[in-house]
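Visitor: Just so it is clear, I am handing over model.txt, which has compact mmCIF, C-alpha atoms.
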```txt
# COMPACT_ATOMS: atom_id res chain seq x y z
CA VAL A 625 42.05 29.60 50.79
CA TYR A 626 40.62 33.04 51.66
CA ASP A 627 38.25 34.86 49.32
CA VAL A 628 38.66 38.18 51.14
CA THR A 629 40.29 41.57 50.54
CA TYR A 630 42.71 43.25 52.94
CA HIS A 631 43.17 47.04 52.89
CA ILE A 632 46.29 48.57 54.46
CA ASP A 633 46.41 52.23 55.50
CA ALA A 634 49.15 54.79 54.85
CA GLU A 635 50.91 53.88 58.13
CA GLY A 636 51.12 50.20 57.19
CA HIS A 637 48.28 48.90 59.38
CA ARG A 638 45.15 47.06 58.41
CA ILE A 639 42.49 49.72 58.15
CA THR A 640 40.18 50.69 60.95
CA SER A 641 37.60 53.40 60.46
CA GLY A 642 38.85 55.88 63.08
CA SER A 643 40.94 58.92 62.18
CA TYR A 644 44.62 59.15 63.10
CA SER A 645 43.87 62.66 64.42
CA LEU A 646 42.16 61.06 67.43
CA PRO A 647 43.84 59.76 70.61
CA LYS A 648 45.03 56.24 69.96
CA VAL A 649 44.64 52.72 71.28
CA LEU A 650 47.37 50.47 69.89
CA ILE A 651 46.58 46.77 69.52
CA LEU A 652 49.59 44.56 68.77
CA GLY A 653 49.58 40.94 67.69
CA ASP A 654 49.85 38.47 64.86
CA SER A 655 47.43 37.10 62.25
CA PHE A 656 44.72 36.64 64.89
CA THR A 657 44.74 40.41 65.44
CA PHE A 658 45.32 41.34 61.80
CA GLY A 659 42.24 39.32 60.91
CA GLN A 660 43.59 36.72 58.54
CA GLY A 661 40.78 35.17 56.54
CA VAL A 662 38.09 37.79 57.26
CA GLU A 663 36.99 41.02 55.60
CA ASP A 664 38.02 44.47 56.85
CA SER A 665 34.87 44.90 58.93
CA SER A 666 35.45 41.76 61.03
CA PRO A 667 38.83 41.95 62.88
CA TYR A 668 38.24 42.69 66.55
CA PRO A 669 40.19 46.00 66.43
CA GLU A 670 37.66 47.29 63.88
CA VAL A 671 34.75 45.91 65.92
CA LEU A 672 36.14 47.78 68.93
CA GLN A 673 36.46 50.91 66.82
CA GLY A 674 32.67 51.06 66.62
CA SER A 675 32.46 51.09 70.42
CA PHE A 676 35.17 53.75 70.88
CA PRO A 677 34.48 56.45 68.25
CA ASP A 678 36.49 59.04 70.17
CA TYR A 679 39.69 57.02 69.67
CA LYS A 680 41.68 55.65 66.77
CA ILE A 681 41.98 51.89 67.30
CA ILE A 682 45.19 50.92 65.50
CA ASN A 683 45.31 47.35 64.23
CA GLY A 684 48.99 46.66 64.75
CA GLY A 685 48.72 42.96 64.02
CA VAL A 686 50.85 41.29 61.32
CA SER A 687 50.71 37.66 60.26
CA ALA A 688 53.57 35.52 61.63
CA TRP A 689 54.63 38.07 64.22
CA GLY A 690 55.68 37.11 67.72
CA THR A 691 56.44 39.15 70.83
CA VAL A 692 59.75 40.34 69.35
CA GLN A 693 58.05 42.17 66.49
CA ALA A 694 55.31 43.47 68.80
CA TYR A 695 58.00 44.98 71.04
CA LEU A 696 59.74 46.64 68.08
CA GLU A 697 56.42 47.95 66.74
CA LEU A 698 55.55 49.36 70.15
CA ARG A 699 58.83 51.27 70.24
CA GLN A 700 58.18 52.66 66.78
CA GLN A 701 54.58 53.68 67.49
CA LEU A 702 55.44 55.39 70.78
CA ALA A 703 58.18 57.32 68.97
CA SER A 704 55.71 58.34 66.25
CA HIS A 705 52.66 59.22 68.36
CA ASP A 706 52.44 61.17 71.61
CA ASP A 707 48.73 60.51 72.12
CA VAL A 708 48.61 56.75 72.69
CA ARG A 709 46.17 56.18 75.55
CA ALA A 710 46.35 52.37 75.88
CA VAL A 711 48.34 49.45 74.47
CA VAL A 712 46.96 45.94 74.10
CA TYR A 713 49.21 43.02 73.15
CA ALA A 714 47.28 39.95 71.97
CA PHE A 715 49.29 36.85 72.86
CA ILE A 716 48.75 33.35 71.51
CA ASP A 717 50.60 30.29 72.76
CA ALA A 718 52.32 29.90 69.37
CA ASP A 719 54.13 33.22 69.99
CA LEU A 720 56.50 31.46 72.37
CA GLU A 721 57.99 29.43 69.51
CA ARG A 722 58.53 32.62 67.47
CA ASN A 723 60.49 34.51 70.11
CA TYR A 724 63.96 32.98 69.88
CA LEU A 725 65.79 30.64 67.50
CA ARG A 726 63.54 27.65 66.91
CA ARG A 727 64.94 26.14 63.71
CA THR A 728 61.61 24.87 62.34
CA TRP A 729 60.09 28.36 62.66
CA LEU A 730 63.08 30.14 61.12
CA GLU A 731 63.08 27.72 58.20
CA HIS A 732 59.33 28.11 57.70
CA ILE A 733 59.56 31.92 57.51
CA SER A 734 62.58 31.74 55.24
CA LYS A 735 61.00 29.29 52.80
CA SER A 736 57.44 30.61 52.81
CA ARG A 737 58.17 34.35 52.84
CA GLY A 738 61.84 34.77 52.04
CA LEU A 739 62.36 36.55 55.36
CA ARG A 740 64.70 36.41 58.31
CA VAL A 741 63.38 37.42 61.71
CA PRO A 742 64.99 39.71 64.30
CA TYR A 743 66.02 38.14 67.57
CA PHE A 744 67.24 39.17 70.98
CA ASP A 745 69.24 37.41 73.65
CA ASP A 746 69.36 37.74 77.42
CA ASN A 747 72.39 39.34 79.05
CA ASN A 748 71.90 39.22 82.82
CA GLY A 749 68.26 40.18 82.52
CA GLN A 750 68.79 42.74 79.75
CA LEU A 751 67.58 42.45 76.17
CA VAL A 752 70.40 42.50 73.63
CA TYR A 753 69.55 42.77 69.94
CA LYS A 754 71.50 40.19 67.93
CA GLY A 755 70.37 40.89 64.37
CA LEU A 756 68.46 38.77 61.87
CA ALA A 757 68.48 35.05 62.53
CA ASP A 758 69.94 32.68 59.93
CA PRO A 759 68.19 29.29 60.10
CA ALA A 760 71.33 27.32 59.20
CA ARG A 761 73.72 29.24 61.43
CA ASP A 762 71.52 30.15 64.40
CA GLY A 763 68.63 27.66 64.43
CA LEU A 764 68.16 25.42 67.46
CA ASP A 765 66.27 22.15 67.71
CA ASP A 766 63.52 21.54 70.23
CA GLY A 767 64.61 20.67 73.73
CA ALA A 768 64.59 21.86 77.32
CA TYR A 769 67.23 24.55 76.68
CA LEU A 770 65.31 26.07 73.77
CA ARG A 771 61.97 26.03 75.59
CA ASP A 772 63.57 27.72 78.61
CA LYS A 773 65.15 30.40 76.42
CA GLU A 774 61.86 31.06 74.62
CA GLU A 775 60.11 31.62 77.93
CA THR A 776 62.94 33.75 79.32
CA LEU A 777 63.00 36.00 76.25
CA THR A 778 59.22 36.29 76.22
CA ARG A 779 59.19 37.40 79.86
CA LEU A 780 61.90 39.96 79.15
CA LEU A 781 60.10 41.29 76.09
CA LEU A 782 56.84 41.68 78.01
CA ALA A 783 58.63 43.40 80.89
CA ASN A 784 60.27 45.83 78.47
CA MET A 785 56.95 46.53 76.74
CA LYS A 786 55.37 47.29 80.09
CA SER A 787 58.30 49.53 81.04
CA LEU A 788 58.01 51.53 77.82
CA CYS A 789 54.32 52.11 78.52
CA THR A 790 54.82 52.89 82.21
CA LYS A 791 57.33 55.62 81.36
CA ARG A 792 54.57 57.31 79.35
CA SER A 793 51.82 56.52 81.90
CA ILE A 794 50.09 54.32 79.32
CA PRO A 795 48.19 51.20 80.48
CA PHE A 796 49.65 48.00 79.02
CA ILE A 797 47.29 45.03 78.72
CA VAL A 798 48.08 41.49 77.61
CA VAL A 799 45.12 39.53 76.31
CA HIS A 800 45.60 35.78 75.86
CA LEU A 801 43.59 34.78 72.80
CA PRO A 802 42.07 31.29 72.47
CA ASP A 803 44.15 29.05 70.21
CA THR A 804 44.80 25.35 69.56
CA PRO A 805 48.02 24.96 71.60
CA SER A 806 47.75 24.98 75.37
CA THR A 807 50.56 26.05 77.67
CA ASP A 808 50.84 27.11 81.28
CA PHE A 809 52.70 30.29 80.35
CA ASP A 810 49.72 32.32 81.56
CA ALA A 811 51.05 31.90 85.09
CA GLN A 812 54.17 33.82 84.03
CA ILE A 813 52.40 36.71 82.29
CA ALA A 814 50.18 38.02 85.08
CA PRO A 815 53.04 38.78 87.54
CA ILE A 816 54.77 40.86 84.85
CA VAL A 817 51.88 43.06 83.79
CA GLY A 818 49.71 42.83 86.90
CA GLU A 819 46.61 40.74 87.55
CA ASP A 820 44.28 43.57 86.46
CA PHE A 821 46.11 43.94 83.14
CA TYR A 822 46.10 40.31 82.04
CA VAL A 823 42.96 38.99 80.32
CA ASP A 824 42.82 35.25 79.63
CA LEU A 825 40.12 34.75 77.00
CA ARG A 826 40.89 31.04 76.69
CA ARG A 827 38.57 30.60 79.65
CA GLU A 828 35.83 32.80 78.21
CA ILE A 829 35.64 31.90 74.52
CA ASP A 830 34.93 28.43 73.11
CA TYR A 831 37.71 28.19 70.54
CA SER A 832 36.19 25.12 68.88
CA LYS A 833 33.15 27.17 67.85
CA THR A 834 34.80 30.45 66.91
CA HIS A 835 37.48 29.70 64.34
CA LEU A 836 37.31 29.52 60.55
CA ARG A 837 36.33 26.15 59.18
CA PHE A 838 39.49 25.84 57.05
CA ASP A 839 42.06 26.90 59.63
CA GLY A 840 42.52 28.06 63.21
CA HIS A 841 42.10 31.82 62.83
CA PRO A 842 39.12 33.51 64.48
CA SER A 843 35.90 33.62 62.51
CA PRO A 844 33.86 36.85 62.39
CA GLU A 845 31.98 35.50 65.40
CA GLY A 846 35.26 34.82 67.17
CA HIS A 847 36.40 38.39 66.54
CA ARG A 848 33.07 39.69 67.82
CA GLN A 849 33.44 37.72 71.05
CA ILE A 850 37.02 38.95 71.53
CA ALA A 851 35.88 42.55 71.07
CA GLU A 852 32.99 42.10 73.50
CA ALA A 853 35.36 40.70 76.11
CA LEU A 854 37.80 43.60 75.68
CA LYS A 855 35.22 46.40 75.72
CA PRO A 856 34.83 46.56 79.52
CA VAL A 857 38.62 46.40 79.94
CA LEU A 858 39.14 49.40 77.65
CA ASN A 859 36.19 51.23 79.18
CA ARG A 860 37.80 50.92 82.59
CA LEU A 861 41.15 52.20 81.34
CA LEU A 862 39.98 54.99 79.06
CA ASN A 863 37.26 56.53 81.23
```
Re-express the file's structure as structure tokens.
Guide:
Amino acid sequence: VYDVTYHIDAEGHRITSGSYSLPKVLILGDSFTFGQGVEDSSPYPEVLQGSFPDYKIINGGVSAWGTVQAYLELRQQLASHDDVRAVVYAFIDADLERNYLRRTWLEHISKSRGLRVPYFDDNNGQLVYKGLADPARDGLDDGAYLRDKEETLTRLLLANMKSLCTKRSIPFIVVHLPDTPSTDFDAQIAPIVGEDFYVDLRREIDYSKTHLRFDGHPSPEGHRQIAEALKPVLNRLLN
């Protein structure tokens, strides 16, 4: 479907033009952040790189990731770099269905990519790593219990991401990217990260006009608008 080329750097991220010797801004997310369907110059982390030449903007997005993988990547990056100055997690509504044991999602990842995904459970408000989910053994069908667990685990993951950043005095921002699904989970994010650290772009960007014509990922114009909306947020935090 996509006639584009992706380049991945030595640390496993989609390339951005800044040097790893610079202080870093880590942007976590899924295919919307990675820039599925667009050339290397278009993903919003690379657009932001042009506005923040004194920092390395790390594109930590990977297609099909949810909050679980973003949390694990954050832990790894904070262990690897002592000069991270800000962390942005780009959330889409579809992430909720990737954060626990939804059978349809586990089967999709298994069949399309040959992968199993890591999952956590909640033990009295604490995250407990349970291993790699097996669709046949662990998968759950849609219902009130599953939806509640997905929201519970997502809240816990976000709270733990914020805690990791707070311990290092690093601002942690959640940006809610425009997407097809619509949930009211935004009301649960802001109290976790703080009103000033939650950016809901669903109210600022017209999704119907900013996605690729053959699927729902942001177009180059969509990425440009996301970057423009995030610039003042990063300016406030980095200056």
Visitor: Nearest residue to His705 (chain A) out of A:Ser806, A:Thr691, A:Ser645, A:Thr728, using only C-alpha atoms?
Guide: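 Result for the nearest residue to His705 (chain A): A:Ser645.
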Visitor: Rounded to one decimal in Å, what is the spacing between CA of Ala757 (chain A) and CA of Val741 (chain A)?
Guide: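 So the two atoms, CA of Ala757 (chain A) and CA of Val741 (chain A), lie 5.7 Å apart.
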Visitor: Show me a table, sorted first by chain and then by increasing residue number, of the residues of region 740-800 of chain A having an atom at most 12 Å from region 732-736 of chain A, each with its shortest atom pair and the distance in Å to one decimal, counting all atoms listed in the file and written as JSON lines.
Guide:
```
{"residue": "A:Arg740", "atom": "CA", "partner": "A:Ser734", "partner_atom": "CA", "distance": 6.0}
{"residue": "A:Val741", "atom": "CA", "partner": "A:Ile733", "partner_atom": "CA", "distance": 7.9}
{"residue": "A:Pro742", "atom": "CA", "partner": "A:Ile733", "partner_atom": "CA", "distance": 11.7}
{"residue": "A:Leu756", "atom": "CA", "partner": "A:Ser734", "partner_atom": "CA", "distance": 11.3}
{"residue": "A:Ala757", "atom": "CA", "partner": "A:Ser734", "partner_atom": "CA", "distance": 9.9}
{"residue": "A:Asp758", "atom": "CA", "partner": "A:Ser734", "partner_atom": "CA", "distance": 8.8}
{"residue": "A:Pro759", "atom": "CA", "partner": "A:Ser734", "partner_atom": "CA", "distance": 7.8}
{"residue": "A:Ala760", "atom": "CA", "partner": "A:Ser734", "partner_atom": "CA", "distance": 10.6}
{"residue": "A:Gly763", "atom": "CA", "partner": "A:His732", "partner_atom": "CA", "distance": 11.5}
```
Visitor: Grab the residues selected above and save them as a tab-separated table (two decimals), in the frame of the given file with C-alpha atoms.
Guide:
```
chain	number	residue	atom	x	y	z
A	740	ARG	CA	64.70	36.41	58.31
A	741	VAL	CA	63.38	37.42	61.71
A	742	PRO	CA	64.99	39.71	64.30
A	756	LEU	CA	68.46	38.77	61.87
A	757	ALA	CA	68.48	35.05	62.53
A	758	ASP	CA	69.94	32.68	59.93
A	759	PRO	CA	68.19	29.29	60.10
A	760	ALA	CA	71.33	27.32	59.20
A	763	GLY	CA	68.63	27.66	64.43
```
Visitor: Could you check which of A:Ala688, A:Ala718, A:Leu781, A:Asp633 is closest to Val752 (chain A), using all atoms listed in the file?
Guide: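 Counting all atoms listed in the file, the residue closest to Val752 (chain A) is A:Leu781.
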Visitor: Env of Gly690 (chain A): 6 Å cut, atoms = only C-alpha atoms, seq-sep filter 6 positions within chain, self excluded. Answer as a PyMOL selection string.
Guide: chain A and resi 719+722-723
Visitor: Near Pro667 (chain A), within 8 Å and counting only C-alpha atoms, which residues show up once chain neighbours fewer than 2 positions away are dropped, as number ranges by chain?
Guide: A: 657-659, 662-665, 669-671, 844, 847-848
Visitor: Considering only C-alpha atoms, state which residue in the set A:Asp706, A:Asp627, A:Asp820, A:Asp678 is at the smallest distance from Ile794 (chain A).
Guide: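 For Ile794 (chain A), the nearest of the candidates is A:Asp706.
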Visitor: Using all atoms listed in the file, which protein or nucleic acid residues come within 7 Å of region 795-805 of chain A? Drop anything in the same chain fewer than 2 positions from it, and give the result as a list of chain:residue names.
Guide: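 Returned residues: A:Ala710, A:Val711, A:Val712, A:Tyr713, A:Ala714, A:Phe715, A:Ile716, A:Asp717, A:Ala718, A:Lys786, A:Cys789, A:Ser793, A:Thr807, A:Phe821, A:Tyr822, A:Val823, A:Asp824, A:Leu825, A:Arg826, A:Ile829, A:Tyr831.
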Visitor: Quick one: of A:Glu774, A:Gln660, A:Ala768, A:Thr640, who's nearest to Phe838 (chain A), counting only C-alpha atoms?
Guide: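 Of the candidates, the smallest distance to Phe838 (chain A) is held by A:Gln660.
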Visitor: Between CA of Thr629 (chain A) and CA of Tyr668 (chain A), what is the distance, to one decimal in Å?
Guide: 16.2 Å
Visitor: Residues within 8 Å of Lys754 (chain A), please, as a ChimeraX atom specification. Count only C-alpha atoms; anything in the same chain fewer than 6 positions from it doesn't count.
Guide: /A:742-745
Visitor: What's the 10 Å shell around Arg792 (chain A), counting all atoms listed in the file, without same-chain residues fewer than 6 positions away, as an mmCIF file with C-alpha atoms, keeping the file's coordinate frame?
Guide:
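Final file, out.cif:
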```cif
data_model
loop_
_atom_site.group_PDB
_atom_site.id
_atom_site.type_symbol
_atom_site.label_atom_id
_atom_site.label_comp_id
_atom_site.auth_asym_id
_atom_site.auth_seq_id
_atom_site.Cartn_x
_atom_site.Cartn_y
_atom_site.Cartn_z
ATOM 1 C CA LEU A 702 55.440 55.390 70.780
ATOM 2 C CA ASP A 706 52.440 61.170 71.610
ATOM 3 C CA ASP A 707 48.730 60.510 72.120
ATOM 4 C CA VAL A 708 48.610 56.750 72.690
ATOM 5 C CA ARG A 709 46.170 56.180 75.550
#
```
Visitor: From the options A:Arg779, A:Arg860, A:Arg827, A:His637, which residue's atoms come nearest to Ser687 (chain A), counting only C-alpha atoms?
Guide: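 Among the listed residues, the smallest separation from Ser687 (chain A) belongs to A:His637.
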Visitor: Can you measure CA of Pro815 (chain A) to CA of Leu780 (chain A) for me? One decimal in Å is fine.
Guide: 12.3 Å
Visitor: Counting only C-alpha atoms, figure out which residue out of A:Val686, A:Ala634, A:Val628, A:Ile813 gets nearest to Leu720 (chain A).
Guide: A:Ile813
